[in-house]
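The file run.pdb comes next; it holds PDB, C-alpha atoms.
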ATOM      1  CA  MET A   1     -25.068  -8.800  -3.033
ATOM      2  CA  THR A   2     -21.551  -7.520  -3.625
ATOM      3  CA  TYR A   3     -20.881  -5.269  -6.603
ATOM      4  CA  LYS A   4     -18.281  -6.999  -8.793
ATOM      5  CA  PRO A   5     -17.195  -4.774 -11.697
ATOM      6  CA  PHE A   6     -14.396  -7.108 -12.743
ATOM      7  CA  ASP A   7     -12.934 -10.466 -11.821
ATOM      8  CA  LEU A   8      -9.600 -10.564  -9.977
ATOM      9  CA  THR A   9      -9.698 -14.268  -9.192
ATOM     10  CA  GLY A  10      -6.169 -15.690  -9.112
ATOM     11  CA  LYS A  11      -4.592 -12.246  -8.664
ATOM     12  CA  VAL A  12      -2.691 -10.890  -5.674
ATOM     13  CA  ALA A  13      -2.865  -7.237  -4.703
ATOM     14  CA  LEU A  14      -0.526  -5.452  -2.293
ATOM     15  CA  VAL A  15      -1.819  -2.274  -0.641
ATOM     16  CA  THR A  16       0.458  -0.132   1.498
ATOM     17  CA  GLY A  17      -1.494   1.680   4.167
ATOM     18  CA  GLY A  18      -4.136  -0.973   3.548
ATOM     19  CA  ASN A  19      -5.260  -1.248   7.147
ATOM     20  CA  SER A  20      -7.573   1.785   7.190
ATOM     21  CA  GLY A  21      -9.199   4.528   5.143
ATOM     22  CA  ILE A  22      -8.784   4.595   1.375
ATOM     23  CA  GLY A  23      -6.327   1.686   1.451
ATOM     24  CA  LEU A  24      -8.665  -0.638   3.327
ATOM     25  CA  GLY A  25     -11.505   0.359   1.017
ATOM     26  CA  MET A  26      -9.394  -0.522  -2.029
ATOM     27  CA  ALA A  27      -8.228  -3.793  -0.465
ATOM     28  CA  LEU A  28     -11.797  -4.770   0.397
ATOM     29  CA  ALA A  29     -13.071  -3.989  -3.103
ATOM     30  CA  MET A  30     -10.304  -6.050  -4.689
ATOM     31  CA  ALA A  31     -10.903  -8.951  -2.278
ATOM     32  CA  GLU A  32     -14.608  -8.847  -3.129
ATOM     33  CA  ALA A  33     -13.581  -9.012  -6.805
ATOM     34  CA  GLY A  34     -11.619 -12.202  -6.039
ATOM     35  CA  ALA A  35      -8.046 -11.052  -5.341
ATOM     36  CA  ASP A  36      -5.942 -12.315  -2.484
ATOM     37  CA  ILE A  37      -4.707  -9.348  -0.481
ATOM     38  CA  ALA A  38      -1.480  -8.295   1.221
ATOM     39  CA  ILE A  39      -1.583  -5.150   3.317
ATOM     40  CA  TRP A  40       1.271  -3.262   4.923
ATOM     41  CA  GLY A  41       0.758  -0.877   7.812
ATOM     42  CA  THR A  42       2.565   0.458  10.841
ATOM     43  CA  SER A  43      -0.085  -0.445  13.436
ATOM     44  CA  ALA A  44      -0.486  -4.054  14.557
ATOM     45  CA  ALA A  45      -3.938  -3.300  15.970
ATOM     46  CA  LYS A  46      -5.142  -1.764  12.683
ATOM     47  CA  ASN A  47      -3.598  -4.642  10.728
ATOM     48  CA  ASP A  48      -5.482  -7.140  12.912
ATOM     49  CA  ALA A  49      -8.789  -5.310  12.494
ATOM     50  CA  ALA A  50      -8.296  -4.996   8.728
ATOM     51  CA  THR A  51      -7.378  -8.683   8.477
ATOM     52  CA  ALA A  52     -10.614  -9.658  10.209
ATOM     53  CA  THR A  53     -12.600  -7.484   7.791
ATOM     54  CA  LEU A  54     -10.789  -8.762   4.702
ATOM     55  CA  GLU A  55     -10.959 -12.433   5.722
ATOM     56  CA  ARG A  56     -14.758 -12.222   5.673
ATOM     57  CA  THR A  57     -14.461 -12.124   1.863
ATOM     58  CA  GLY A  58     -13.024 -15.655   1.892
ATOM     59  CA  ARG A  59      -9.768 -14.529   0.259
ATOM     60  CA  ARG A  60      -6.244 -15.147   1.522
ATOM     61  CA  VAL A  61      -5.003 -12.178   3.521
ATOM     62  CA  LEU A  62      -1.501 -11.281   4.668
ATOM     63  CA  ALA A  63      -0.943  -8.284   6.949
ATOM     64  CA  GLN A  64       2.552  -7.091   7.758
ATOM     65  CA  LEU A  65       4.089  -4.312   9.772
ATOM     66  CA  CYS A  66       6.132  -2.198   7.377
ATOM     67  CA  ASP A  67       7.473   1.342   7.484
ATOM     68  CA  VAL A  68       7.536   2.118   3.767
ATOM     69  CA  GLY A  69      10.082   4.881   4.292
ATOM     70  CA  GLU A  70      12.717   2.309   5.312
ATOM     71  CA  GLU A  71      14.399   0.534   2.414
ATOM     72  CA  ALA A  72      15.290  -2.619   4.355
ATOM     73  CA  ALA A  73      11.740  -2.878   5.731
ATOM     74  CA  VAL A  74      10.216  -2.621   2.250
ATOM     75  CA  GLU A  75      12.596  -5.206   0.799
ATOM     76  CA  ALA A  76      11.910  -7.621   3.682
ATOM     77  CA  ALA A  77       8.143  -7.097   3.543
ATOM     78  CA  PHE A  78       8.076  -7.583  -0.218
ATOM     79  CA  ALA A  79      10.107 -10.794   0.062
ATOM     80  CA  GLU A  80       7.701 -12.093   2.715
ATOM     81  CA  THR A  81       4.719 -11.098   0.569
ATOM     82  CA  LEU A  82       6.139 -13.133  -2.325
ATOM     83  CA  ARG A  83       6.937 -16.073  -0.043
ATOM     84  CA  ALA A  84       3.437 -16.126   1.421
ATOM     85  CA  MET A  85       1.370 -15.125  -1.610
ATOM     86  CA  GLY A  86       3.512 -16.390  -4.504
ATOM     87  CA  ARG A  87       3.258 -13.264  -6.642
ATOM     88  CA  VAL A  88       2.070  -9.672  -6.755
ATOM     89  CA  ASP A  89      -0.114  -8.627  -9.680
ATOM     90  CA  GLY A  90      -1.123  -5.188  -8.472
ATOM     91  CA  CYS A  91       0.808  -2.889  -6.171
ATOM     92  CA  PHE A  92      -1.028   0.071  -4.675
ATOM     93  CA  ALA A  93       1.233   2.660  -3.030
ATOM     94  CA  ASN A  94      -1.337   4.162  -0.739
ATOM     95  CA  ALA A  95       0.510   4.736   2.553
ATOM     96  CA  GLY A  96       0.648   8.393   3.382
ATOM     97  CA  VAL A  97       0.841  10.899   6.188
ATOM     98  CA  SER A  98       0.014  14.570   6.401
ATOM     99  CA  GLY A  99       1.147  17.394   8.564
ATOM    100  CA  GLY A 100      -2.451  18.382   9.205
ATOM    101  CA  ARG A 101      -2.396  17.871  12.951
ATOM    102  CA  SER A 102       1.016  19.384  13.523
ATOM    103  CA  GLY A 103      -0.122  22.982  13.643
ATOM    104  CA  PRO A 104      -0.029  25.877  11.197
ATOM    105  CA  PHE A 105       2.225  25.630   8.164
ATOM    106  CA  LEU A 106       4.338  28.567   9.312
ATOM    107  CA  GLU A 107       5.220  26.648  12.464
ATOM    108  CA  ARG A 108       6.150  23.365  10.760
ATOM    109  CA  THR A 109       9.591  21.988  11.360
ATOM    110  CA  VAL A 110      11.997  20.446   8.891
ATOM    111  CA  ASP A 111      11.624  17.144  10.774
ATOM    112  CA  GLN A 112       7.855  17.212  10.186
ATOM    113  CA  TRP A 113       8.412  17.967   6.491
ATOM    114  CA  ASP A 114      10.995  15.179   6.197
ATOM    115  CA  ARG A 115       8.564  12.651   7.729
ATOM    116  CA  ILE A 116       5.897  13.542   5.161
ATOM    117  CA  MET A 117       8.345  13.222   2.258
ATOM    118  CA  ARG A 118       9.846  10.016   3.665
ATOM    119  CA  VAL A 119       6.519   8.199   3.810
ATOM    120  CA  ASN A 120       4.636   9.774   0.905
ATOM    121  CA  LEU A 121       7.387   9.989  -1.715
ATOM    122  CA  ARG A 122      10.271   7.781  -0.657
ATOM    123  CA  GLY A 123       7.789   5.114   0.489
ATOM    124  CA  ALA A 124       6.045   5.046  -2.888
ATOM    125  CA  PHE A 125       9.407   4.894  -4.687
ATOM    126  CA  LEU A 126      10.743   2.029  -2.551
ATOM    127  CA  THR A 127       7.498   0.067  -2.807
ATOM    128  CA  PHE A 128       7.187   0.540  -6.569
ATOM    129  CA  ARG A 129      10.827  -0.334  -7.144
ATOM    130  CA  ALA A 130      10.454  -3.654  -5.300
ATOM    131  CA  ALA A 131       7.211  -4.444  -7.116
ATOM    132  CA  ALA A 132       8.524  -3.384 -10.533
ATOM    133  CA  ARG A 133      11.555  -5.639 -10.182
ATOM    134  CA  HIS A 134       9.265  -8.591  -9.460
ATOM    135  CA  MET A 135       6.857  -7.714 -12.258
ATOM    136  CA  LYS A 136       9.652  -7.198 -14.797
ATOM    137  CA  GLU A 137      11.112 -10.591 -13.891
ATOM    138  CA  ARG A 138       7.703 -12.208 -14.372
ATOM    139  CA  ALA A 139       7.194 -10.410 -17.691
ATOM    140  CA  GLU A 140      10.564 -11.637 -18.940
ATOM    141  CA  GLY A 141       9.350 -15.143 -18.120
ATOM    142  CA  GLY A 142       6.307 -14.690 -20.337
ATOM    143  CA  ASP A 143       3.826 -13.521 -17.689
ATOM    144  CA  LYS A 144       1.934 -10.247 -18.029
ATOM    145  CA  GLY A 145       3.849  -8.575 -15.204
ATOM    146  CA  GLY A 146       1.420  -6.406 -13.253
ATOM    147  CA  ALA A 147       0.211  -2.916 -12.432
ATOM    148  CA  LEU A 148       1.564  -0.134 -10.228
ATOM    149  CA  VAL A 149      -0.984   2.342  -8.887
ATOM    150  CA  ALA A 150      -0.364   5.377  -6.690
ATOM    151  CA  THR A 151      -3.166   6.899  -4.690
ATOM    152  CA  ALA A 152      -3.432  10.217  -2.931
ATOM    153  CA  SER A 153      -6.005  12.128  -0.999
ATOM    154  CA  VAL A 154      -7.614  15.333  -2.155
ATOM    155  CA  ALA A 155      -4.852  17.081  -0.174
ATOM    156  CA  ALA A 156      -2.478  16.161  -3.000
ATOM    157  CA  ILE A 157      -4.446  18.443  -5.314
ATOM    158  CA  GLU A 158      -5.755  21.207  -3.092
ATOM    159  CA  GLY A 159      -4.484  22.312   0.297
ATOM    160  CA  ALA A 160      -6.737  23.086   3.215
ATOM    161  CA  ALA A 161      -6.393  26.112   5.425
ATOM    162  CA  ARG A 162      -5.009  25.393   8.888
ATOM    163  CA  SER A 163      -5.029  27.801  11.762
TER     164      SER A 163
END
Could I get this structure in the form of structure tokens?
Amino acid sequence: MTYKPFDLTGKVALVTGGNSGIGLGMALAMAEAGADIAIWGTSAAKNDAATATLERTGRRVLAQLCDVGEEAAVEAAFAETLRAMGRVDGCFANAGVSGGRSGPFLERTVDQWDRIMRVNLRGAFLTFRAAARHMKERAEGGDKGGALVATASVAAIEGAARS
């Protein structure tokens, strides 16, 4: 039996980085609670695997390739999400990268730093801006709007030593 702490029937949730890890876990929990799910990721293979997992819940699932650090990609993916799903009630900015496998901090390059900031910060901003515009428009029409949620790993709070 699936644990169902709340009912999301009739809702649509968008999860960036929703094709693996924390994002897929969140998407699966929301699908099990009744939400239709849109996921954005940068790997077609991971999107396909996540779609197969999420479809087992019986909910509608949309998986798209989207680099959240690219403004045009976010705008296009959000427009397609709305076209396919009709609305977005919850937007979870979960996509993120780390520099963990790129060697010791003292050897990091500016390009590596820029990639982290582009995905983790710019990506959340671009995603939230697109979602907030949609939710504000819905709220002005008498709807409740929606919710924006940012997630982060423990690395956002406490760094780990790298050698």
### Task
Skip region 93-96 of chain A itself and residues of its chain fewer than 4 positions away, then list as number ranges by chain all residues within 7 Å of it, counting all atoms listed in the file.
A: 15-17, 23, 119-120, 124, 127, 149-152
Using the selection just defined, write its residues with C-alpha atoms as a short mmCIF file (atom, residue, chain, number, x, y, z; two decimals), in the frame of the given file.
data_model
loop_
_atom_site.label_atom_id
_atom_site.label_comp_id
_atom_site.auth_asym_id
_atom_site.auth_seq_id
_atom_site.Cartn_x
_atom_site.Cartn_y
_atom_site.Cartn_z
CA VAL A 15 -1.82 -2.27 -0.64
CA THR A 16 0.46 -0.13 1.50
CA GLY A 17 -1.49 1.68 4.17
CA GLY A 23 -6.33 1.69 1.45
CA VAL A 119 6.52 8.20 3.81
CA ASN A 120 4.64 9.77 0.90
CA ALA A 124 6.04 5.05 -2.89
CA THR A 127 7.50 0.07 -2.81
CA VAL A 149 -0.98 2.34 -8.89
CA ALA A 150 -0.36 5.38 -6.69
CA THR A 151 -3.17 6.90 -4.69
CA ALA A 152 -3.43 10.22 -2.93
#
#### Entry: Evaluate the PyMOL selection byres ((chain A and resi 64) around 9) and report residues as a list in words
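What the PyMOL selection byres ((chain A and resi 64) around 9) grabs from the file is Ala38, Ile39, Trp40, Gly41, Thr42, Ala44, Asn47, Leu62, Ala63, Leu65, Cys66, Ala77, Glu80 and Thr81 of chain A.
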### Task
Enter the distance from CA of Arg133 (chain A) to CA of Met26 (chain A), in Å, rounded to one decimal.
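Taking CA of Arg133 (chain A) as the start and CA of Met26 (chain A) as the end point, the length is 23.1 Å.
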12 Å contact set for Val88 (chain A), all atoms listed in the file, chain neighbours under 3 positions out, as a CSV table (one decimal) with C-alpha atoms, in the coordinates of the input:
chain,number,residue,atom,x,y,z
A,10,GLY,CA,-6.2,-15.7,-9.1
A,11,LYS,CA,-4.6,-12.2,-8.7
A,12,VAL,CA,-2.7,-10.9,-5.7
A,13,ALA,CA,-2.9,-7.2,-4.7
A,14,LEU,CA,-0.5,-5.5,-2.3
A,15,VAL,CA,-1.8,-2.3,-0.6
A,35,ALA,CA,-8.0,-11.1,-5.3
A,36,ASP,CA,-5.9,-12.3,-2.5
A,37,ILE,CA,-4.7,-9.3,-0.5
A,38,ALA,CA,-1.5,-8.3,1.2
A,39,ILE,CA,-1.6,-5.2,3.3
A,78,PHE,CA,8.1,-7.6,-0.2
A,79,ALA,CA,10.1,-10.8,0.1
A,80,GLU,CA,7.7,-12.1,2.7
A,81,THR,CA,4.7,-11.1,0.6
A,82,LEU,CA,6.1,-13.1,-2.3
A,83,ARG,CA,6.9,-16.1,0.0
A,84,ALA,CA,3.4,-16.1,1.4
A,85,MET,CA,1.4,-15.1,-1.6
A,91,CYS,CA,0.8,-2.9,-6.2
A,92,PHE,CA,-1.0,0.1,-4.7
A,127,THR,CA,7.5,0.1,-2.8
A,128,PHE,CA,7.2,0.5,-6.6
A,130,ALA,CA,10.5,-3.7,-5.3
A,131,ALA,CA,7.2,-4.4,-7.1
A,132,ALA,CA,8.5,-3.4,-10.5
A,133,ARG,CA,11.6,-5.6,-10.2
A,134,HIS,CA,9.3,-8.6,-9.5
A,135,MET,CA,6.9,-7.7,-12.3
A,136,LYS,CA,9.7,-7.2,-14.8
A,137,GLU,CA,11.1,-10.6,-13.9
A,138,ARG,CA,7.7,-12.2,-14.4
A,143,ASP,CA,3.8,-13.5,-17.7
A,144,LYS,CA,1.9,-10.2,-18.0
A,145,GLY,CA,3.8,-8.6,-15.2
A,146,GLY,CA,1.4,-6.4,-13.3
A,147,ALA,CA,0.2,-2.9,-12.4
A,148,LEU,CA,1.6,-0.1,-10.2
### 10 Å contact set for Ala45 (chain A), only C-alpha atoms, chain neighbours under 5 positions out, as a PyMOL selection string
chain A and resi 19+50-51
Based on the selection just made, write C-alpha atoms of those residues as an mmCIF file, keeping the file's coordinate frame.
data_model
loop_
_atom_site.group_PDB
_atom_site.id
_atom_site.type_symbol
_atom_site.label_atom_id
_atom_site.label_comp_id
_atom_site.auth_asym_id
_atom_site.auth_seq_id
_atom_site.Cartn_x
_atom_site.Cartn_y
_atom_site.Cartn_z
ATOM 1 C CA ASN A 19 -5.260 -1.248 7.147
ATOM 2 C CA ALA A 50 -8.296 -4.996 8.728
ATOM 3 C CA THR A 51 -7.378 -8.683 8.477
#
With all atoms of region 49-66 of chain A from the file as input, state the centre and edge lengths in Å to one decimal of the axis-aligned box that has 3 Å extra on each side, as AutoDock Vina command-line options.
--center_x -4.3 --center_y -8.9 --center_z 6.4 --size_x 26.9 --size_y 19.5 --size_z 18.2
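Against the coordinates shown, the PyMOL selection byres ((chain A and resi 97-109) around 7) returns Gly96, Val110, Asp111, Gln112, Trp113, Ile116, Val119, Asn120, Arg162 and Ser163 of chain A.
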### Query
What separation in Å, quoted to one decimal, exists between CA of Ala33 (chain A) and CA of Leu8 (chain A)?
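Answer for the CA of Ala33 (chain A) to CA of Leu8 (chain A) separation: 5.3 Å.
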### Query
Near Leu28 (chain A), counting only C-alpha atoms, which residues have an atom at most 9 Å away, once you skip same-chain residues fewer than 3 positions from it, shown as a list in words?
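The neighbour list is Gly23, Leu24, Gly25, Ala31, Glu32, Ala33, Ile37, Thr53, Leu54 and Thr57 of chain A.
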#### Entry: Computed interatomic separation between CA of Gly69 (chain A) and CA of Ala52 (chain A) (Å)
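So the answer is 26.0 Å.
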### Query
So what does the PyMOL selection byres ((chain A and resi 70) around 10) actually pick up in this one, as an NGL selection string?
:A and (66-69 or 71-75 or 118-119 or 122-123 or 126-127)
